Amino acid sequence: MTNVQLISFSLNGQPVEMEIPGHTLLIDLIRDRIGLKGTKRSCDMEVCGACTMLLDGDPISSCTTLAVDVDGKEITTIEGVTPPNGLSRIQKAFVLHGGLQCGFCTPGFIMAVTALLKTNPHPTDAEIRHYLHGNLCRCTGYTKIFEAVKSLAAEQVSEDAASPAARRRNFRLETS
Amino acid sequence: MLPTPFEFDRASTVAAAVSAVGQEGEGMFYSGGTELLLAMKMRVIHTERLVDIKGIPGLDRIVLNDANELEIGSRCTHVKIAGDSVIREHVPALASLCANVANVRVRSVGTIGGNLCFGEPHADPPTMLGALDARLVLQGPNGTRSVHADDFIRSELETVREADELMIVIVFPRPTGPVTYRRFKHGERPSVNVGMAWSMEAGAHSIKSARVRVGALGSKPQPLKAVEGVLKGLPVHDAHRAIQSVLAAALDELDVNEDRHGSADYKRHLAGVLLLRNAEEAVAMQGRAT
Amino acid sequence: MDNVAAVIGMDPAEFRLKNLAARGERTRPDLRALDMDMSELMVRVTQSFASESQGSNRRSRGMAVAATDPANTPIANAIVRLKIDGSILVSVSSIEVGQGAHATMARIAAQTLKQPFSAVSTLRADTAVAPYDWGTGASRSTVVVGLSVENAALDAADQILDMVVDVWELPKESLSLVEGGVSTGSEVLTFHQIFHRTLGVDSGEVVGRGAITPRSKKGALAESPLFWETSAGLAEIVVDEDTGEIHAPRYASAADVGRVIDRVAAEGQDEGAAAMGFGHALYEQLEFEDGQPLNATPIDYMIPRISDVPPVFDTILIENGDGPGPGGAKGMGEGAILPVAPAIANALFSAYGVRITDLPMTPEKVWRALQRGSEFMEFNMSMMVPATPGDLWKTLIDVPSISSCIPGCENVEEIAPLESYKAMVKQKIGPFKVEVPAEIVVESVTEPSHVRTRATGRDKFTGTRLAVILDVSVIPEDLGSKLTVDAKVDIQGRLASMGLGVIKRRVDQNFEEFETRLKSLLGAA
Ligand SMILES: Cc1cc2nc3c(=O)[nH]c(=O)nc-3n(C[C@H](O)[C@H](O)[C@H](O)COP(=O)(O)OP(=O)(O)OC[C@H]3O[C@@H](n4cnc5c(N)ncnc54)[C@H](O)[C@@H]3O)c2cc1C
Ligand code: FES
Ligand code: FES
């Protein structure tokens with residue numbers, strides 16, 4: 001059986017090229033072969049969201065995605081959204097508001113919220129609940145997770161201002 | 001759990017995909033994989049070859065064609081349909097259906113074709129597409145054929161599609177009247193769902209014809225013929241009362257499985273509730289439109 | 001509780017307040033006397049809703065209070081090491097599973113040693129090196145292990161102060177711990193200075209040891225439970241009457257925690273517990289057939305999601321500093337699970353008069369209960385009338401005169417004789433005025449022996465729905481006829497939620513009045 005596949009993809013911005021058996025699951029590739037253990041596996045059936053990664057920016061269940069599917073694409077894991085020294089603004093908000101207890105659901109929530117805020121920086125309460133409906137948490141009762149996300153939704157994102165487009169805008173303002 | 005090993009093949013044309021699946025040994029099309037991989041991981045589905053159809057161009061288009069029909073490519077994900085401007089304009093109820101299927105991760109890779117081809121009885125799109133009078137275009141080794149949405153699902157997890165027929169596109173006439181859809185769920189998937197589409201007489205005050213489908217109750221979506229009959233030719237504002245007059249008898253006709261989603265009388269009752277709510281919405285929509 | 005209150009016609013909160021065991025009372029002779037006021041919890045949850053008047057007639061509220069006897073076994077040990085650089089290591093056998101035990105221990109050590117929280121680390125528990133503890137569970141760690149950490153920290157403090165007493169020859173009473181060292185009153189000696197002068201090297205630590213046993217605190221910890229874990233919950237629910245689905249837009253949870261050590265963490269414990277409560281109240285149940293679980297996957301077993309917990313959630317932590325733990329803390333985190341299901345069930349009962357006693361309250365169960373209708377508010381009467389059945393029947397179907405017997409019934413309008421009528425029913429119930437335009441349908445007539453009518457309507461002011469089914473039978477007797485009236489009264493909505501007991505009393509009064517007027521109309525015996 002010609003089951004070995006050569007795949008190349010970008011993992012958290014780094015190019016990766018490797019040979020894998022065709023039936024390898026993405027989560028196993030990332031956790032066991034590459035060794036990034038931040039992503040968690042819980043339900044193993046696309047229900048809980050603990051294993052959420054971003055595939056070209058869109059959230060997916062890595063527990064039920066074939067590793068071959070990332071060939072030629074960009075994968076972002078929790079490690080990829082965590083700054084080298086410290087925490088991202090989303091992670092800080094979770095800590096500040098008590099949006100985690102055991103932490104098992106947290107990487108998945110952080111990834112989902114990352115994807116949410118990227119497409120919709122100021123979601124309404126209903127949009128937050130709708131988007132996070134598929135991330136389960138057994139500890140917090142969600143109230144503090146919701147508060148954390150709401151605080152981010154209300155923030156005038158400073159990174160907005162720092163985005164390349166905004167920088168260009170500012171530059172033009174200064175020079176005109 | 002890991003799926004058992006299989007050969008992985010990428011097809012770049014429909015013909016190549018069809019022939020790859022049709023080769024010796026059992027092959028299956030692989031789209032979003034949200035149903036298939038789950039079943040393979042649970043080891044209830046084994047396949048020797050997975051033929052990935054993601055690389056086939058043109059299968060994820062959504063257009064309003066020259067015949068005034070909407071075409072939705074089988075590879076369109078739920079996210080894509082939910083956000084598509086053509087669908088949002090002409091069938092907003094389908095856009096919102098897709099926005100509420102499963103969860104954000106399943107929606108971003110799971111496709112409408114995969115949903116239909118899996119034949120899961122507790123699914124949303126089959127009911128809606130039945131009400132929309134859709135036909136599903138399949139391409140196999142001997143050419144293409146179209147199957148009406150009502151005839152596509154044979155029973156639980158079984159469709160009339162041959163293993164080496166690829167679903168290409170879903171086509172339905174652009175709705176000319178209100179389209180409504182509701183579901184009730186107390187769990188991961190719908191316990192009951194009801195889709196209804198009206199086409200209107202000129203002047204838009206009377207219903208020319210109505211299609212009503214109830215899903216998730218039996219092995220596949222079922223029409224409510226009595227309700228369709230009574231709505232035909234009726235002024236819009238009489239619709240609600242007319243439905244009520246035939247509802248009990250119509251619901252009795254439904255084939256209902258008792259299961260964890262509820263007992264038969266409760267599910268029948270829910271179907272009636274959803275239908276009446278759909279009707280109220282349709283009346284209101286039509287009121288706004290005229 | 002609410003059932004009893006309804007039967008005697010008392011407000012359920014008032015009924016509880018009258019009967020709750022008070023602080024200091026014992027509920028069982030072998031258990032510690034109550035160390036809290038459950039009434040205080042009730043008042044606090046009620047206050048949290050007070051700012052909002054009842055939103056709409058489709059919303060109803062229910063309350064429950066609960067107390068449980070969690071922690072016992074006051075046996076734990078802790079080690080607190082204070083190092084030359086001011087860093088502090090806490091070693092305990094409490095297992096951190098997300099409940100915040102390690103952060104709490106660190107806070108207790110920091111507060112006792114007057115050092116910043118950031119200076120303290122709690123070592124990951126390893127029973128090969130961490131001292132013995134009875135176990136992590138039963139809401140006991142903050143109290144029992146917390147006290148042992150406090151003792152260990154005091155022991156470490158003692159040792160460091162003794163060094164200063166020894167080396168600087170100062171009286172111990174003049175010394176106190178301050179951030180980064182010890183204050184002598186006139187200057188601050190850093191930990192580094194103290195270790196350096198005392199030990200003669202630039203390294204070192206003091207190792208404090210703390211133990212809690214049943215004999216600690218003069219045996220005060222020996223009685224079970226160590227403290228009472230209490231919680232009150234007030235739920236506001238909206239029921240989709242057609243499907244039976246319950247939504248809770250609002251919930252308030254109050255717990256008596258003695259003292260809060262870490263507010264965000266403590267609130268999170270209660271909110272998580274309440275969400276578990278919502279789980280078993282509305283969704284969760286493992287089903288079996290032939291010994292096999294039917295819903296053992298997360299696709300089939302439903303737990304609450306972010307969209308299922310009440311969007312308005314008030315978490316109230318009561319601090320009276322009266323717990324046995326450090327600074328008067330009690331344990332917490334279990335209590336809030338208790339009142340959720342009964343509070344929701346009480347809300348359902350107060351609005352609809354239906355009582356569900358097996359969980360979860362799934363839509364189908366609720367729908368069936370609503371179908372059956374409320375089990376109470378039935379009224380029966382029978383009387384002897386000295387008239388032939390035929391004559392009695394004539395009076396009965398003379399709608400204007402019979403309706404004059406119904407208190408508050410006005411403007412009777414005949415739509416179709418012996419088929420349908422309209423009327424206005426006006427009532428004053430306590431401070432409330434009710435005006436119900438009623439539609440009356442004669443459902444069946446068997447001349448001259450039985451008539452069944454159904455009256456339905458919605459109150460103009462509160463939206464309260466009223467349905468009365470009246471079965472009237474005429475039975476021939478030796479000396480005339482017997483008249484029996486069986487009525488089933490169903491009231492749903494805002495008025496019902498204000499207390500069915502009050503309404504029941506009013507309905508009873510009305511029927512008595514009806515009976516009196518009918519008797520005088522018929523000249524009955
Ligand atoms: C947790 C969860 C919740 C869900 N909730 C809902 C819900 O609420 N409502 C609902 O309707 N659905 C629900 N679903 C189902 C979801 O909609 C489907 O999983 C998804 O749409 C399937 O698409 P796919 O592309 O991933 O299919 P795949 O898994 O790739 O394929 C499914 C089947 O279809 C075949 N196939 C796929 N594409 C084609 C094609 N073009 N031609 C021929 N055969 C094809 C495959 O061979 C396979 O047999 C849920 C799924 C999950 C996992
Ligand atoms: S582990 Fe993948 S969704 Fe739960
Ligand atoms: S923090 Fe434990 S599951 Fe969410």
# chains A, B, ... in the order shown; residues from 1 in each chain; ligands from 1
>>> residues_near_ligand(ligand="ligand 3", cutoff="8 Å", atoms="only C-alpha atoms and all ligand atoms", output="MDAnalysis selection string")
(chainID A and resid 99:106 136:140) or (chainID C and resid 98)
>>> write_last_selection(atoms="N, CA, C and O atoms", output="PDB file, in the first residue's frame")
ATOM      1  N   GLY A  99     -11.076  33.064  33.312  1.00  0.00           N
ATOM      2  CA  GLY A  99     -11.721  32.249  32.281  1.00  0.00           C
ATOM      3  C   GLY A  99     -11.170  30.844  32.170  1.00  0.00           C
ATOM      4  O   GLY A  99     -11.403  30.185  31.153  1.00  0.00           O
ATOM      5  N   LEU A 100     -10.419  30.409  33.156  1.00  0.00           N
ATOM      6  CA  LEU A 100      -9.957  29.019  33.125  1.00  0.00           C
ATOM      7  C   LEU A 100      -9.791  28.488  34.533  1.00  0.00           C
ATOM      8  O   LEU A 100      -9.517  29.237  35.465  1.00  0.00           O
ATOM      9  N   GLN A 101     -10.002  27.208  34.673  1.00  0.00           N
ATOM     10  CA  GLN A 101      -9.749  26.546  35.955  1.00  0.00           C
ATOM     11  C   GLN A 101      -8.786  25.389  35.712  1.00  0.00           C
ATOM     12  O   GLN A 101      -7.596  25.536  35.874  1.00  0.00           O
ATOM     13  N   CYS A 102      -9.286  24.261  35.259  1.00  0.00           N
ATOM     14  CA  CYS A 102      -8.342  23.164  35.016  1.00  0.00           C
ATOM     15  C   CYS A 102      -7.498  23.439  33.785  1.00  0.00           C
ATOM     16  O   CYS A 102      -6.407  22.903  33.635  1.00  0.00           O
ATOM     17  N   GLY A 103      -8.012  24.258  32.865  1.00  0.00           N
ATOM     18  CA  GLY A 103      -7.231  24.659  31.709  1.00  0.00           C
ATOM     19  C   GLY A 103      -7.287  23.722  30.522  1.00  0.00           C
ATOM     20  O   GLY A 103      -6.670  23.989  29.494  1.00  0.00           O
ATOM     21  N   PHE A 104      -8.028  22.644  30.646  1.00  0.00           N
ATOM     22  CA  PHE A 104      -7.986  21.677  29.549  1.00  0.00           C
ATOM     23  C   PHE A 104      -8.692  22.205  28.299  1.00  0.00           C
ATOM     24  O   PHE A 104      -8.286  21.933  27.182  1.00  0.00           O
ATOM     25  N   CYS A 105      -9.728  22.977  28.503  1.00  0.00           N
ATOM     26  CA  CYS A 105     -10.462  23.516  27.357  1.00  0.00           C
ATOM     27  C   CYS A 105      -9.790  24.780  26.827  1.00  0.00           C
ATOM     28  O   CYS A 105     -10.145  25.267  25.759  1.00  0.00           O
ATOM     29  N   THR A 106      -8.866  25.339  27.610  1.00  0.00           N
ATOM     30  CA  THR A 106      -8.401  26.697  27.340  1.00  0.00           C
ATOM     31  C   THR A 106      -7.695  26.874  25.995  1.00  0.00           C
ATOM     32  O   THR A 106      -8.007  27.824  25.270  1.00  0.00           O
ATOM     33  N   LEU A 136     -16.611  23.316  24.682  1.00  0.00           N
ATOM     34  CA  LEU A 136     -17.167  22.925  25.975  1.00  0.00           C
ATOM     35  C   LEU A 136     -16.174  23.171  27.100  1.00  0.00           C
ATOM     36  O   LEU A 136     -14.972  22.967  26.934  1.00  0.00           O
ATOM     37  N   CYS A 137     -16.705  23.617  28.225  1.00  0.00           N
ATOM     38  CA  CYS A 137     -15.901  23.765  29.433  1.00  0.00           C
ATOM     39  C   CYS A 137     -16.692  23.176  30.577  1.00  0.00           C
ATOM     40  O   CYS A 137     -17.862  23.482  30.763  1.00  0.00           O
ATOM     41  N   ARG A 138     -16.065  22.314  31.329  1.00  0.00           N
ATOM     42  CA  ARG A 138     -16.774  21.647  32.419  1.00  0.00           C
ATOM     43  C   ARG A 138     -16.495  22.336  33.752  1.00  0.00           C
ATOM     44  O   ARG A 138     -17.095  21.985  34.771  1.00  0.00           O
ATOM     45  N   CYS A 139     -15.551  23.277  33.785  1.00  0.00           N
ATOM     46  CA  CYS A 139     -15.168  23.854  35.077  1.00  0.00           C
ATOM     47  C   CYS A 139     -15.809  25.208  35.358  1.00  0.00           C
ATOM     48  O   CYS A 139     -16.376  25.424  36.409  1.00  0.00           O
ATOM     49  N   THR A 140     -15.653  26.128  34.417  1.00  0.00           N
ATOM     50  CA  THR A 140     -15.901  27.538  34.765  1.00  0.00           C
ATOM     51  C   THR A 140     -17.368  27.916  34.805  1.00  0.00           C
ATOM     52  O   THR A 140     -17.717  28.942  35.380  1.00  0.00           O
TER      53      THR A 140
ATOM     54  N   GLY C  98      -7.539  22.608  39.133  1.00  0.00           N
ATOM     55  CA  GLY C  98      -8.248  23.730  38.539  1.00  0.00           C
ATOM     56  C   GLY C  98      -9.102  24.464  39.551  1.00  0.00           C
ATOM     57  O   GLY C  98      -9.654  25.513  39.262  1.00  0.00           O
TER      58      GLY C  98
END
>>> interface_residues(of="chain B", to="chain A", cutoff="10 Å", atoms="only C-alpha atoms", output="PyMOL selection string")
chain B and resi 1-9+32-42+48-50+52+54+99-100+102-110+188
>>> interface_residues(of="chain C", to="chain A", cutoff="7 Å", atoms="only C-alpha atoms", output="list in words")
Val97, Gly98, Gln99, Val264, Ala265, Gly268, Gln269, Glu271, Gly272, Ala275, Pro298, Ile299, Arg305, Ile306 and Ser307 of chain C
>>> residues_around(residues="Gly140 (chain B)", least_positions_apart="3", cutoff="10 Å", atoms="only C-alpha atoms", output="MDAnalysis selection string")
chainID B and resid 14:15 17:19 22 143:145 161:167
>>> closest_residue(among="C:Asp202, C:Asp270, C:Glu284, C:Asp242", to="chain B", atoms="only C-alpha atoms")
C:Asp242
